[in-house]
Each structure stands twice: as C-alpha cells, then as structure tokens.
Amino acid sequence: AQSVTQLGSHVSVSEGALVLLRCNYSSSVPPYLFWYVQYPNQGLQLLLKYTTGATLVKGINGFEAEFKKSETSFHLTKPSAHMSDAAEYFCAVSLSGNTGKLIFGQGTTLQVKP
Amino acid sequence: DAGVIQSPRHEVTEMGQEVTLRCKPISGHNSLFWYRQTMMRGLELLIYFNNNVPIDDSGMPEDRFSAKMPNASFSTLKIQPSEPRDSAVYFCASIRPGSGYYNEQFFGPGTRLTVL
C-alpha cells in the first residue's frame, strides 16, 4: 500500500533562511509525487510534481524538490524563505491506475520569522 | 476559468439539522473528489466520482453522509443529521480527463462547517 510521511508537523525558519520540508513515501510501484501548499483560509494548490524524467523538480515561488528513489524521499526546499511562504505544505503520492486519487501526508506548517 | 466553486463558504448549523454542501467542478473536468480537513485527522478523502459515477466511497464516515453527482457540473455532499464532530472544512477538487494518475487536482476554497 502507498503512504506518505511528513517529518515534522511544524517547521520554523527565519526570513532569508533555507526551507527544508521532509517527505518520505512508501510505494510498491514507481510513484508520482506532489507537493501542495495551503495558505490560510484557502484550498490547496499545486507547488510541483514529479512524474518521470529529471529527479530535481522546480515549482512555483522558488520551491524545488528532489526525488530520491534510494531514500524513498521527496523533500521540498527553497534557498531563501520569504514571509509570504508561511503556509501549510502537503506531500502526496498518486495511486497507481488511472483514478487521479492522491494519498496525502499529514501536512507541515511552515512559520517564517522576521 | 473560474476554478472549482464551492458553496456556501461558511455554514453554521445546529446538531440534528441537515446540511448540504455544493460543488461546481472546472468545466471539462471529469473526476471530482470530496475531502474533509480537521486538525485532528488532517485531510481525508471522503468520496470521488469519475464521469459522475461514484468510484470509491470508502472514506465516507457513516451513513449520515451521502454524496451525489447528478451531472458533470454539479455535486453535493449531504450530512443528515449533522453532529458537532462533523465540524470541519470540506473541500471539493476536480481533475481533467485523460490525465492518468499524474495530473493535478484543482481544489475549491472549501466550506467551513460548524455544527453547534
């Protein structure tokens, strides 16, 4: 069965510091992986996704993630945090088959301090 | 495109009352998902439809919950009778056809339900 684990429910960084949000997955088949962001009082929106090909994926707002099969990880990074990055971030894995169904992690709340 | 539309945005009701949440997916999308988000349980998939047909309702918590999709542009999630533990934010999401399992789900803004 496929599953997603996000390490750390809350992460706090200073403005300008590196952002690292951790995600590990479990999948018996090659996974398709996603990061979504949820700003306060809004729905989720896609940051980036990995399907096939290049393992380093670039997304919106300067975020990127690297798929590491050997570590079953898909960590999200951003070199320099901005106040506007404060939000909740969800890692998700797509189930095999043609359903579009996603399994989400529990989410990580990112706090950015001035 | 207007995106996924949900109504109402906020709903406050009393225990025992019927609640109906509504969703209009993005035009042309053929799969629709209903989620519930709470602090305790995070984001849970309740049910999803493909071409208006319910595919998997294993996430529906109990018989008090029901969902319908009478046509490609409209879906409802009904709770009857409602209970305080149903208080949550309910999201609807849609996905375009032919996308396989690597395409993006587009989320609506959610309905915040409070059951007193």
# chains A, B, ... in the order shown; residues from 1 in each chain; ligands from 1
>>> select_by_dssp(residues="range 2-105 of chain B", states="strand (DSSP E)", output="PDB file with C-alpha atoms, in the first residue's frame")
ATOM      1  CA  ILE B   5     -16.629  26.717  -6.923  1.00  0.00           C
ATOM      2  CA  GLN B   6     -17.988  25.700  -3.541  1.00  0.00           C
ATOM      3  CA  SER B   7     -20.978  26.991  -1.648  1.00  0.00           C
ATOM      4  CA  HIS B  10     -19.331  29.097   5.758  1.00  0.00           C
ATOM      5  CA  GLU B  11     -22.151  27.153   7.346  1.00  0.00           C
ATOM      6  CA  VAL B  12     -23.225  27.204  10.966  1.00  0.00           C
ATOM      7  CA  THR B  13     -25.970  24.842  11.980  1.00  0.00           C
ATOM      8  CA  VAL B  19     -26.504  20.198   5.802  1.00  0.00           C
ATOM      9  CA  THR B  20     -25.903  20.306   2.052  1.00  0.00           C
ATOM     10  CA  LEU B  21     -22.581  21.376   0.606  1.00  0.00           C
ATOM     11  CA  ARG B  22     -22.272  22.159  -3.078  1.00  0.00           C
ATOM     12  CA  CYS B  23     -19.503  21.969  -5.621  1.00  0.00           C
ATOM     13  CA  LYS B  24     -19.123  23.008  -9.233  1.00  0.00           C
ATOM     14  CA  SER B  31     -13.318  13.461 -11.884  1.00  0.00           C
ATOM     15  CA  LEU B  32     -14.416  15.042  -8.628  1.00  0.00           C
ATOM     16  CA  PHE B  33     -13.177  14.479  -5.099  1.00  0.00           C
ATOM     17  CA  TRP B  34     -14.651  15.427  -1.718  1.00  0.00           C
ATOM     18  CA  TYR B  35     -12.264  15.892   1.224  1.00  0.00           C
ATOM     19  CA  ARG B  36     -12.646  16.755   4.876  1.00  0.00           C
ATOM     20  CA  GLN B  37      -9.952  18.596   6.816  1.00  0.00           C
ATOM     21  CA  THR B  38      -9.699  18.743  10.601  1.00  0.00           C
ATOM     22  CA  GLY B  42      -5.778  16.111   8.682  1.00  0.00           C
ATOM     23  CA  LEU B  43      -7.002  15.854   5.093  1.00  0.00           C
ATOM     24  CA  GLU B  44      -9.250  12.857   4.445  1.00  0.00           C
ATOM     25  CA  LEU B  45     -10.697  11.731   1.135  1.00  0.00           C
ATOM     26  CA  LEU B  46     -14.398  11.040   1.576  1.00  0.00           C
ATOM     27  CA  ILE B  47     -15.529  10.015  -1.896  1.00  0.00           C
ATOM     28  CA  TYR B  48     -14.647  10.502  -5.523  1.00  0.00           C
ATOM     29  CA  PHE B  49     -16.529  10.367  -8.786  1.00  0.00           C
ATOM     30  CA  ASN B  50     -15.414   9.626 -12.304  1.00  0.00           C
ATOM     31  CA  VAL B  53     -20.222   7.753 -11.118  1.00  0.00           C
ATOM     32  CA  PRO B  54     -19.071   7.182  -7.523  1.00  0.00           C
ATOM     33  CA  ILE B  55     -15.897   5.126  -7.686  1.00  0.00           C
ATOM     34  CA  ASP B  56     -14.769   4.902  -4.090  1.00  0.00           C
ATOM     35  CA  PHE B  65     -23.064  11.217   4.868  1.00  0.00           C
ATOM     36  CA  SER B  66     -24.137  10.951   1.258  1.00  0.00           C
ATOM     37  CA  ALA B  67     -22.844  12.431  -1.988  1.00  0.00           C
ATOM     38  CA  LYS B  68     -24.305  12.779  -5.438  1.00  0.00           C
ATOM     39  CA  MET B  69     -23.170  13.996  -8.810  1.00  0.00           C
ATOM     40  CA  PRO B  70     -26.264  14.317 -10.998  1.00  0.00           C
ATOM     41  CA  ASN B  71     -24.322  15.850 -13.881  1.00  0.00           C
ATOM     42  CA  PHE B  74     -22.546  19.789 -10.027  1.00  0.00           C
ATOM     43  CA  SER B  75     -22.063  17.681  -6.928  1.00  0.00           C
ATOM     44  CA  THR B  76     -23.490  17.723  -3.421  1.00  0.00           C
ATOM     45  CA  LEU B  77     -22.339  16.352  -0.100  1.00  0.00           C
ATOM     46  CA  LYS B  78     -25.140  15.934   2.414  1.00  0.00           C
ATOM     47  CA  ILE B  79     -24.964  15.276   6.127  1.00  0.00           C
ATOM     48  CA  ALA B  88     -14.548  20.685   9.624  1.00  0.00           C
ATOM     49  CA  VAL B  89     -13.546  22.305   6.370  1.00  0.00           C
ATOM     50  CA  TYR B  90     -14.867  20.384   3.392  1.00  0.00           C
ATOM     51  CA  PHE B  91     -13.031  20.672   0.086  1.00  0.00           C
ATOM     52  CA  CYS B  92     -14.005  19.701  -3.391  1.00  0.00           C
ATOM     53  CA  ALA B  93     -11.397  19.082  -6.091  1.00  0.00           C
ATOM     54  CA  SER B  94     -11.563  18.194  -9.764  1.00  0.00           C
ATOM     55  CA  ILE B  95      -9.194  16.768 -12.338  1.00  0.00           C
TER      56      ILE B  95
END
>>> closest_atom_pairs(of="chain A", to="chain B", cutoff="9 Å", atoms="only C-alpha atoms", output="JSON lines")
{"residue": "A:Tyr32", "atom": "CA", "partner": "B:Tyr102", "partner_atom": "CA", "distance": 5.9}
{"residue": "A:Leu33", "atom": "CA", "partner": "B:Tyr102", "partner_atom": "CA", "distance": 8.0}
{"residue": "A:Phe34", "atom": "CA", "partner": "B:Glu104", "partner_atom": "CA", "distance": 8.5}
{"residue": "A:Asn41", "atom": "CA", "partner": "B:Pro109", "partner_atom": "CA", "distance": 7.5}
{"residue": "A:Gln42", "atom": "CA", "partner": "B:Pro109", "partner_atom": "CA", "distance": 5.0}
{"residue": "A:Gly43", "atom": "CA", "partner": "B:Pro109", "partner_atom": "CA", "distance": 4.4}
{"residue": "A:Leu44", "atom": "CA", "partner": "B:Phe107", "partner_atom": "CA", "distance": 5.7}
{"residue": "A:Gln45", "atom": "CA", "partner": "B:Phe107", "partner_atom": "CA", "distance": 6.7}
{"residue": "A:Leu46", "atom": "CA", "partner": "B:Glu104", "partner_atom": "CA", "distance": 6.9}
{"residue": "A:Lys49", "atom": "CA", "partner": "B:Tyr102", "partner_atom": "CA", "distance": 8.1}
{"residue": "A:Tyr50", "atom": "CA", "partner": "B:Tyr102", "partner_atom": "CA", "distance": 8.2}
{"residue": "A:Thr51", "atom": "CA", "partner": "B:Tyr102", "partner_atom": "CA", "distance": 6.3}
{"residue": "A:Ser94", "atom": "CA", "partner": "B:Tyr101", "partner_atom": "CA", "distance": 5.9}
{"residue": "A:Leu95", "atom": "CA", "partner": "B:Tyr101", "partner_atom": "CA", "distance": 6.8}
{"residue": "A:Ser96", "atom": "CA", "partner": "B:Tyr101", "partner_atom": "CA", "distance": 6.6}
{"residue": "A:Gly97", "atom": "CA", "partner": "B:Tyr101", "partner_atom": "CA", "distance": 6.4}
{"residue": "A:Asn98", "atom": "CA", "partner": "B:Gly100", "partner_atom": "CA", "distance": 4.4}
{"residue": "A:Thr99", "atom": "CA", "partner": "B:Tyr101", "partner_atom": "CA", "distance": 5.9}
{"residue": "A:Gly100", "atom": "CA", "partner": "B:Tyr101", "partner_atom": "CA", "distance": 4.4}
{"residue": "A:Lys101", "atom": "CA", "partner": "B:Tyr101", "partner_atom": "CA", "distance": 7.1}
{"residue": "A:Leu102", "atom": "CA", "partner": "B:Tyr101", "partner_atom": "CA", "distance": 8.4}
{"residue": "A:Ile103", "atom": "CA", "partner": "B:Leu45", "partner_atom": "CA", "distance": 8.4}
{"residue": "A:Phe104", "atom": "CA", "partner": "B:Leu43", "partner_atom": "CA", "distance": 7.0}
{"residue": "A:Gly105", "atom": "CA", "partner": "B:Leu43", "partner_atom": "CA", "distance": 8.1}
{"residue": "A:Gln106", "atom": "CA", "partner": "B:Gly42", "partner_atom": "CA", "distance": 5.6}
{"residue": "A:Gly107", "atom": "CA", "partner": "B:Gly42", "partner_atom": "CA", "distance": 7.5}
>>> residues_around(residues="range 78-83 of chain A", least_positions_apart="6", cutoff="7 Å", atoms="only C-alpha atoms", output="MDAnalysis selection string")
chainID A and resid 15:20 62:64 112
>>> atom_distance(atom1="CA of Ile60 in chain A", atom2="CA of Ser84 in chain A")
12.8 Å
>>> select_by_dssp(residues="chain A", states="helix (DSSP H, G or I)", output="list of chain:residue names")
A:Ile60, A:Asn61, A:Gly62, A:Met83, A:Ser84, A:Asp85
>>> write_last_selection(atoms="all heavy atoms", output="tab-separated table (two decimals), in the first residue's frame")
chain	number	residue	atom	x	y	z
A	60	ILE	N	6.63	26.47	-8.38
A	60	ILE	CA	6.35	27.90	-8.30
A	60	ILE	C	6.98	28.50	-7.05
A	60	ILE	O	7.34	27.77	-6.11
A	60	ILE	CB	4.83	28.16	-8.28
A	60	ILE	CG1	4.17	27.50	-7.07
A	60	ILE	CG2	4.19	27.65	-9.57
A	60	ILE	CD1	2.71	27.87	-6.91
A	61	ASN	N	7.12	29.80	-7.07
A	61	ASN	CA	7.60	30.57	-5.90
A	61	ASN	C	8.99	30.16	-5.43
A	61	ASN	O	9.31	30.34	-4.25
A	61	ASN	CB	6.61	30.45	-4.73
A	61	ASN	CG	5.22	30.96	-5.10
A	61	ASN	OD1	5.08	31.77	-6.00
A	61	ASN	ND2	4.21	30.47	-4.42
A	62	GLY	N	9.81	29.64	-6.33
A	62	GLY	CA	11.18	29.32	-5.99
A	62	GLY	C	11.39	28.00	-5.27
A	62	GLY	O	12.51	27.69	-4.85
A	83	MET	N	8.46	35.86	3.93
A	83	MET	CA	7.31	35.87	4.85
A	83	MET	C	6.07	35.26	4.21
A	83	MET	O	5.27	34.60	4.87
A	83	MET	CB	7.01	37.29	5.32
A	83	MET	CG	8.13	37.94	6.13
A	83	MET	SD	8.43	37.08	7.68
A	83	MET	CE	6.93	37.48	8.56
A	84	SER	N	5.92	35.49	2.92
A	84	SER	CA	4.72	35.01	2.23
A	84	SER	C	4.70	33.49	2.06
A	84	SER	O	3.70	32.93	1.60
A	84	SER	CB	4.62	35.66	0.85
A	84	SER	OG	5.74	35.33	0.07
A	85	ASP	N	5.80	32.82	2.42
A	85	ASP	CA	5.84	31.35	2.33
A	85	ASP	C	5.15	30.67	3.50
A	85	ASP	O	4.97	29.45	3.49
A	85	ASP	CB	7.28	30.86	2.24
A	85	ASP	CG	7.99	31.30	0.97
A	85	ASP	OD1	7.32	31.39	-0.07
A	85	ASP	OD2	9.21	31.57	1.04
>>> closest_residue(among="A:Thr55, A:Phe90, A:Leu21, A:Val13", to="Ser70 in chain A", atoms="only C-alpha atoms")
A:Thr55
>>> atom_distance(atom1="CA of Trp35 in chain A", atom2="CA of Leu76 in chain A")
7.7 Å
>>> closest_residue(among="B:Gln17, B:Ser73, B:Ser87, B:Ser27", to="Asn52 in chain B", atoms="only C-alpha atoms")
B:Ser73
>>> residues_around(residues="Arg64 in chain B", least_positions_apart="3", cutoff="9 Å", atoms="only C-alpha atoms", output="PDB file with N, CA, C and O atoms, in the first residue's frame")
ATOM      1  N   MET B  60     -16.214   7.736   3.361  1.00  0.00           N
ATOM      2  CA  MET B  60     -17.415   8.339   3.947  1.00  0.00           C
ATOM      3  C   MET B  60     -17.567   7.779   5.363  1.00  0.00           C
ATOM      4  O   MET B  60     -17.662   6.558   5.559  1.00  0.00           O
ATOM      5  N   PRO B  61     -17.607   8.660   6.352  1.00  0.00           N
ATOM      6  CA  PRO B  61     -17.530   8.188   7.741  1.00  0.00           C
ATOM      7  C   PRO B  61     -18.687   7.306   8.178  1.00  0.00           C
ATOM      8  O   PRO B  61     -18.483   6.363   8.925  1.00  0.00           O
ATOM      9  N   LYS B  78     -24.083  15.700   1.449  1.00  0.00           N
ATOM     10  CA  LYS B  78     -25.140  15.934   2.414  1.00  0.00           C
ATOM     11  C   LYS B  78     -24.834  15.207   3.715  1.00  0.00           C
ATOM     12  O   LYS B  78     -24.361  14.051   3.702  1.00  0.00           O
ATOM     13  N   ILE B  79     -25.112  15.880   4.805  1.00  0.00           N
ATOM     14  CA  ILE B  79     -24.964  15.276   6.127  1.00  0.00           C
ATOM     15  C   ILE B  79     -26.328  15.379   6.813  1.00  0.00           C
ATOM     16  O   ILE B  79     -26.876  16.463   6.968  1.00  0.00           O
ATOM     17  N   GLN B  80     -26.848  14.230   7.192  1.00  0.00           N
ATOM     18  CA  GLN B  80     -28.175  14.224   7.809  1.00  0.00           C
ATOM     19  C   GLN B  80     -28.304  13.038   8.758  1.00  0.00           C
ATOM     20  O   GLN B  80     -28.239  11.897   8.277  1.00  0.00           O
ATOM     21  N   PRO B  81     -28.484  13.252  10.046  1.00  0.00           N
ATOM     22  CA  PRO B  81     -28.429  14.533  10.744  1.00  0.00           C
ATOM     23  C   PRO B  81     -26.992  14.918  11.065  1.00  0.00           C
ATOM     24  O   PRO B  81     -26.132  14.043  11.223  1.00  0.00           O
ATOM     25  N   SER B  82     -26.739  16.175  11.173  1.00  0.00           N
ATOM     26  CA  SER B  82     -25.386  16.639  11.475  1.00  0.00           C
ATOM     27  C   SER B  82     -25.092  16.518  12.972  1.00  0.00           C
ATOM     28  O   SER B  82     -26.000  16.555  13.808  1.00  0.00           O
TER      29      SER B  82
END
